[in-house]
Amino acid sequence: MKSKVYFTRELTPDGLMRAYEALGVTLPGKLAVKISTGEPGGHNFLQPGLIGKLVGALNGTIVECNTAYAGRRNTTAEHWKSIEEHGFPTIAPCDIMDEEGEIALSVANGFHLKENYVGAHLANYQSMLVLSHFKGHLMAGLGGALKNMSIGVASAHGKINIHTAGKGSTFEDCFTTEQDHFLESMADADESVMDYLGRENVVYINVANRLSVDCDCDANPHEPEMADIGIFASLDPVAVDQACVDAVYQSPDSGKAALIERMESRHGIHTVEAAAQLGLGSREYELVSLDG
């Protein structure tokens with residue numbers, strides 16, 4: 001059965017609201033809105049002015065975890081400064097979920113991981129909106145819902161666990177792991193988060209704008225070479241990421257070549273393939289336009 005992916009070209013606060021409303025869900029309890037707060041110096045992360053209306057309407061809390069690499073978000077103190085500099089506390093409460101440690105989530109049917117280590121504050125939430133900036137990524141090839149829910153929800157230690165397929169303990173170990181094992185481990189982590197919260201309590205929106213080959217974790221990201229595409233929303237994380245990948249390939253914009261090269265050179269689609277193999281969603285989808 002094909003999953004529905006709703007799409008609008010309207011990259012505005014109202015467009016984001018319409019994409020969420022098309023899902024027809026009411027998320028229960030305390031809602032976590034998982035975004036990337038963006039490495040200082042970068043400017044491609046989802047801006048407060050774009051997401052504020054939706055986050056406010058949902059009474060959501062913006063959540064993040066500390067990074068494993070050296071930068072302005074690898075300690076809680078510096079991460080809070082970064083969050084404030086980027087303006088997120090002006091639109092919603094914010095929470096660094098591993099500020100007080102981590103909890104281990106079991107991975108039922110993983111390729112490599114038996115446990116996924118996430119910020120301890122995840123236990124305070126009953127539902128989650130995975131609100132992702134779709135773009136390229138230096139290590140993963142692409143970043144969308146599946147990466148945001150895996151690496152993004154993981155504690156700093158948990159990020160290394162995923163990057164090393166459960167076999168490493170230092171950031172340097174991340175560069176010696178077989179690429180497909182890393183990508184499969186992201187799917188493992190996704191499974192654990194979805195099962196912990198309940199799959200019906202997690203929804204996914206990808207914003208495909210500022211389509212750099214680099215992630216928002218990069219302090220000096222490459223400028224986008226292709227035009228913005230739009231907003232994709234689904235109850236299925238596999239389908240929403242697949243739809244974004246397909247939209248890049250199908251774009252008439254010749255500037256897409258750089259992003260396609262980044263995705264293909266890192267085998268980025270394999271995260272989507274692995275997540276589908278674990279039963280986290282379907283790569284077959286119906287794209288439903290919200291633009292009339």
# chains A, B, ... in the order shown; residues from 1 in each chain; ligands from 1

$ residues_around --residues "region 138-147 of chain A" --least-positions-apart "5" --cutoff "6 Å" --atoms "only C-alpha atoms" --output "list in words"
Ser132, Asp214, Pro237, Asp241, Arg262, Met263, Arg266 and Gly268 of chain A

$ residues_around --residues "region 164-169 of chain A" --least-positions-apart "5" --cutoff "12 Å" --atoms "only C-alpha atoms" --output "ChimeraX atom specification"
/A:68,107,110-117,151,156-159,174-189

$ select_by_dssp --residues "region 111-245 of chain A" --states "strand (DSSP E or B)" --output "NGL selection string"
:A and (115-119 or 127-133 or 135-137 or 141-143 or 154 or 202-208 or 230-234)

$ atom_distance --atom1 "CA of Phe45 (chain A)" --atom2 "CA of Asn66 (chain A)"
15.9 Å

$ closest_residue --among "A:Gly292, A:Gly101, A:Pro40, A:Gly56" --to "Pro13 (chain A)" --atoms "only C-alpha atoms"
A:Gly56

$ residues_around --residues "region 119-121 of chain A" --least-positions-apart "5" --cutoff "8 Å" --atoms "only C-alpha atoms" --output "list of chain:residue names"
A:Cys65, A:Ile96, A:Met97, A:Asp98, A:Glu99, A:Glu100, A:Gly101, A:Glu102, A:Ile103, A:Val153, A:Ala154, A:Ser155

$ closest_residue --among "A:Ser212, A:Thr61, A:Thr75, A:Asn109" --to "Thr90 (chain A)" --atoms "only C-alpha atoms"
A:Thr61

$ select_by_dssp --residues "region 46-246 of chain A" --states "helix (DSSP H, G or I)" --output "ChimeraX atom specification"
/A:48-57,76-85,88-90,120-124,145-150,156-163,171-175,179-197,199-201,237-246

$ residues_around --residues "Leu54 (chain A)" --least-positions-apart "4" --cutoff "12 Å" --atoms "only C-alpha atoms" --output "count of residues only"
24

$ residues_around --residues "Ile260 (chain A)" --least-positions-apart "5" --cutoff "10 Å" --atoms "only C-alpha atoms" --output "ChimeraX atom specification"
/A:136,141-142,213,245,248-249,255,265,268

$ closest_atom_pairs --of "region 57-95 of chain A" --to "region 34-39 of chain A" --cutoff "8 Å" --atoms "only C-alpha atoms" --output "Markdown table"
| residue | atom | partner | partner_atom | distance |
| --- | --- | --- | --- | --- |
| A:Ile62 | CA | A:Lys34 | CA | 6.0 |
| A:Val63 | CA | A:Lys34 | CA | 5.1 |
| A:Glu64 | CA | A:Lys34 | CA | 6.3 |
| A:Gly71 | CA | A:Glu39 | CA | 7.6 |
| A:Arg72 | CA | A:Glu39 | CA | 6.5 |
| A:Arg73 | CA | A:Glu39 | CA | 6.9 |
| A:Ser82 | CA | A:Glu39 | CA | 7.4 |
| A:Ile83 | CA | A:Thr37 | CA | 6.1 |
| A:His86 | CA | A:Thr37 | CA | 7.4 |
| A:Phe88 | CA | A:Thr37 | CA | 7.9 |

$ closest_residue --among "A:Thr67, A:Thr26, A:Asn124, A:Gln47" --to "Leu197 (chain A)" --atoms "only C-alpha atoms"
A:Asn124

$ closest_residue --among "A:Ser234, A:Ser251, A:Asn44, A:Ser282" --to "Leu211 (chain A)" --atoms "only C-alpha atoms"
A:Asn44

$ closest_residue --among "A:Ala276, A:Cys217, A:Ile231, A:Cys94" --to "Thr8 (chain A)" --atoms "only C-alpha atoms"
A:Ile231

$ closest_residue --among "A:Tyr69, A:Asp95, A:Asp236, A:Asn148" --to "Asp173 (chain A)" --atoms "only C-alpha atoms"
A:Tyr69

$ atom_distance --atom1 "CA of Val25 (chain A)" --atom2 "CA of Ala274 (chain A)"
26.6 Å

$ decode --residues "region 110-122 of chain A" --atoms "all heavy atoms" --output "mmCIF file, in the first residue's frame"
data_model
loop_
_atom_site.group_PDB
_atom_site.id
_atom_site.type_symbol
_atom_site.label_atom_id
_atom_site.label_comp_id
_atom_site.auth_asym_id
_atom_site.auth_seq_id
_atom_site.Cartn_x
_atom_site.Cartn_y
_atom_site.Cartn_z
ATOM 1 N N GLY A 110 17.389 -4.765 14.659
ATOM 2 C CA GLY A 110 18.378 -3.951 13.966
ATOM 3 C C GLY A 110 19.375 -4.724 13.128
ATOM 4 O O GLY A 110 19.634 -5.908 13.354
ATOM 5 N N PHE A 111 19.960 -4.024 12.191
ATOM 6 C CA PHE A 111 21.058 -4.566 11.396
ATOM 7 C C PHE A 111 22.322 -4.722 12.253
ATOM 8 O O PHE A 111 23.045 -5.706 12.138
ATOM 9 C CB PHE A 111 21.380 -3.642 10.219
ATOM 10 C CG PHE A 111 20.317 -3.582 9.165
ATOM 11 C CD1 PHE A 111 19.392 -2.547 9.148
ATOM 12 C CD2 PHE A 111 20.238 -4.553 8.176
ATOM 13 C CE1 PHE A 111 18.422 -2.480 8.167
ATOM 14 C CE2 PHE A 111 19.268 -4.501 7.192
ATOM 15 C CZ PHE A 111 18.351 -3.458 7.184
ATOM 16 N N HIS A 112 22.579 -3.714 13.099
ATOM 17 C CA HIS A 112 23.835 -3.676 13.851
ATOM 18 C C HIS A 112 23.640 -3.342 15.324
ATOM 19 O O HIS A 112 24.361 -3.861 16.167
ATOM 20 C CB HIS A 112 24.794 -2.648 13.240
ATOM 21 C CG HIS A 112 25.033 -2.848 11.787
ATOM 22 N ND1 HIS A 112 25.869 -3.829 11.299
ATOM 23 C CD2 HIS A 112 24.521 -2.208 10.702
ATOM 24 C CE1 HIS A 112 25.866 -3.785 9.974
ATOM 25 N NE2 HIS A 112 25.070 -2.815 9.587
ATOM 26 N N LEU A 113 22.725 -2.442 15.635
ATOM 27 C CA LEU A 113 22.587 -1.945 17.006
ATOM 28 C C LEU A 113 21.628 -2.804 17.823
ATOM 29 O O LEU A 113 20.595 -3.267 17.316
ATOM 30 C CB LEU A 113 22.080 -0.503 17.003
ATOM 31 C CG LEU A 113 22.903 0.542 16.245
ATOM 32 C CD1 LEU A 113 22.298 1.926 16.461
ATOM 33 C CD2 LEU A 113 24.371 0.512 16.672
ATOM 34 N N LYS A 114 21.963 -2.975 19.073
ATOM 35 C CA LYS A 114 21.061 -3.601 20.047
ATOM 36 C C LYS A 114 20.393 -2.541 20.916
ATOM 37 O O LYS A 114 19.276 -2.733 21.401
ATOM 38 C CB LYS A 114 21.829 -4.579 20.937
ATOM 39 C CG LYS A 114 22.491 -5.710 20.182
ATOM 40 C CD LYS A 114 21.491 -6.555 19.427
ATOM 41 C CE LYS A 114 22.187 -7.716 18.709
ATOM 42 N NZ LYS A 114 21.228 -8.482 17.865
ATOM 43 N N GLU A 115 21.107 -1.402 21.099
ATOM 44 C CA GLU A 115 20.576 -0.290 21.873
ATOM 45 C C GLU A 115 20.901 1.029 21.166
ATOM 46 O O GLU A 115 21.926 1.151 20.495
ATOM 47 C CB GLU A 115 21.155 -0.260 23.289
ATOM 48 C CG GLU A 115 20.676 -1.388 24.181
ATOM 49 C CD GLU A 115 21.141 -1.233 25.607
ATOM 50 O OE1 GLU A 115 22.336 -0.937 25.815
ATOM 51 O OE2 GLU A 115 20.318 -1.415 26.531
ATOM 52 N N ASN A 116 20.026 1.985 21.349
ATOM 53 C CA ASN A 116 20.207 3.337 20.819
ATOM 54 C C ASN A 116 20.154 4.297 21.999
ATOM 55 O O ASN A 116 19.195 4.278 22.779
ATOM 56 C CB ASN A 116 19.101 3.658 19.810
ATOM 57 C CG ASN A 116 19.189 5.073 19.288
ATOM 58 O OD1 ASN A 116 20.267 5.608 19.090
ATOM 59 N ND2 ASN A 116 18.032 5.685 19.047
ATOM 60 N N TYR A 117 21.170 5.136 22.141
ATOM 61 C CA TYR A 117 21.283 6.011 23.305
ATOM 62 C C TYR A 117 20.782 7.408 22.933
ATOM 63 O O TYR A 117 21.344 8.063 22.048
ATOM 64 C CB TYR A 117 22.729 6.061 23.788
ATOM 65 C CG TYR A 117 23.258 4.682 24.105
ATOM 66 C CD1 TYR A 117 24.052 4.001 23.182
ATOM 67 C CD2 TYR A 117 22.939 4.046 25.303
ATOM 68 C CE1 TYR A 117 24.516 2.724 23.455
ATOM 69 C CE2 TYR A 117 23.392 2.767 25.581
ATOM 70 C CZ TYR A 117 24.178 2.113 24.650
ATOM 71 O OH TYR A 117 24.627 0.845 24.928
ATOM 72 N N VAL A 118 19.728 7.830 23.615
ATOM 73 C CA VAL A 118 19.066 9.096 23.289
ATOM 74 C C VAL A 118 19.065 10.010 24.508
ATOM 75 O O VAL A 118 19.295 9.566 25.635
ATOM 76 C CB VAL A 118 17.618 8.856 22.804
ATOM 77 C CG1 VAL A 118 17.593 7.926 21.597
ATOM 78 C CG2 VAL A 118 16.742 8.279 23.930
ATOM 79 N N GLY A 119 18.794 11.289 24.275
ATOM 80 C CA GLY A 119 18.702 12.223 25.380
ATOM 81 C C GLY A 119 17.661 11.785 26.392
ATOM 82 O O GLY A 119 16.549 11.384 26.033
ATOM 83 N N ALA A 120 18.029 11.856 27.682
ATOM 84 C CA ALA A 120 17.144 11.353 28.740
ATOM 85 C C ALA A 120 15.797 12.061 28.765
ATOM 86 O O ALA A 120 14.785 11.473 29.164
ATOM 87 C CB ALA A 120 17.832 11.497 30.097
ATOM 88 N N HIS A 121 15.772 13.325 28.330
ATOM 89 C CA HIS A 121 14.513 14.069 28.367
ATOM 90 C C HIS A 121 13.488 13.563 27.362
ATOM 91 O O HIS A 121 12.323 13.984 27.421
ATOM 92 C CB HIS A 121 14.761 15.560 28.105
ATOM 93 C CG HIS A 121 15.504 16.245 29.207
ATOM 94 N ND1 HIS A 121 15.839 17.580 29.155
ATOM 95 C CD2 HIS A 121 15.976 15.791 30.401
ATOM 96 C CE1 HIS A 121 16.487 17.910 30.257
ATOM 97 N NE2 HIS A 121 16.584 16.842 31.017
ATOM 98 N N LEU A 122 13.869 12.669 26.461
ATOM 99 C CA LEU A 122 12.867 12.097 25.546
ATOM 100 C C LEU A 122 11.720 11.482 26.339
ATOM 101 O O LEU A 122 10.572 11.478 25.881
ATOM 102 C CB LEU A 122 13.511 11.048 24.639
ATOM 103 C CG LEU A 122 12.572 10.403 23.607
ATOM 104 C CD1 LEU A 122 12.067 11.426 22.588
ATOM 105 C CD2 LEU A 122 13.265 9.233 22.899
#
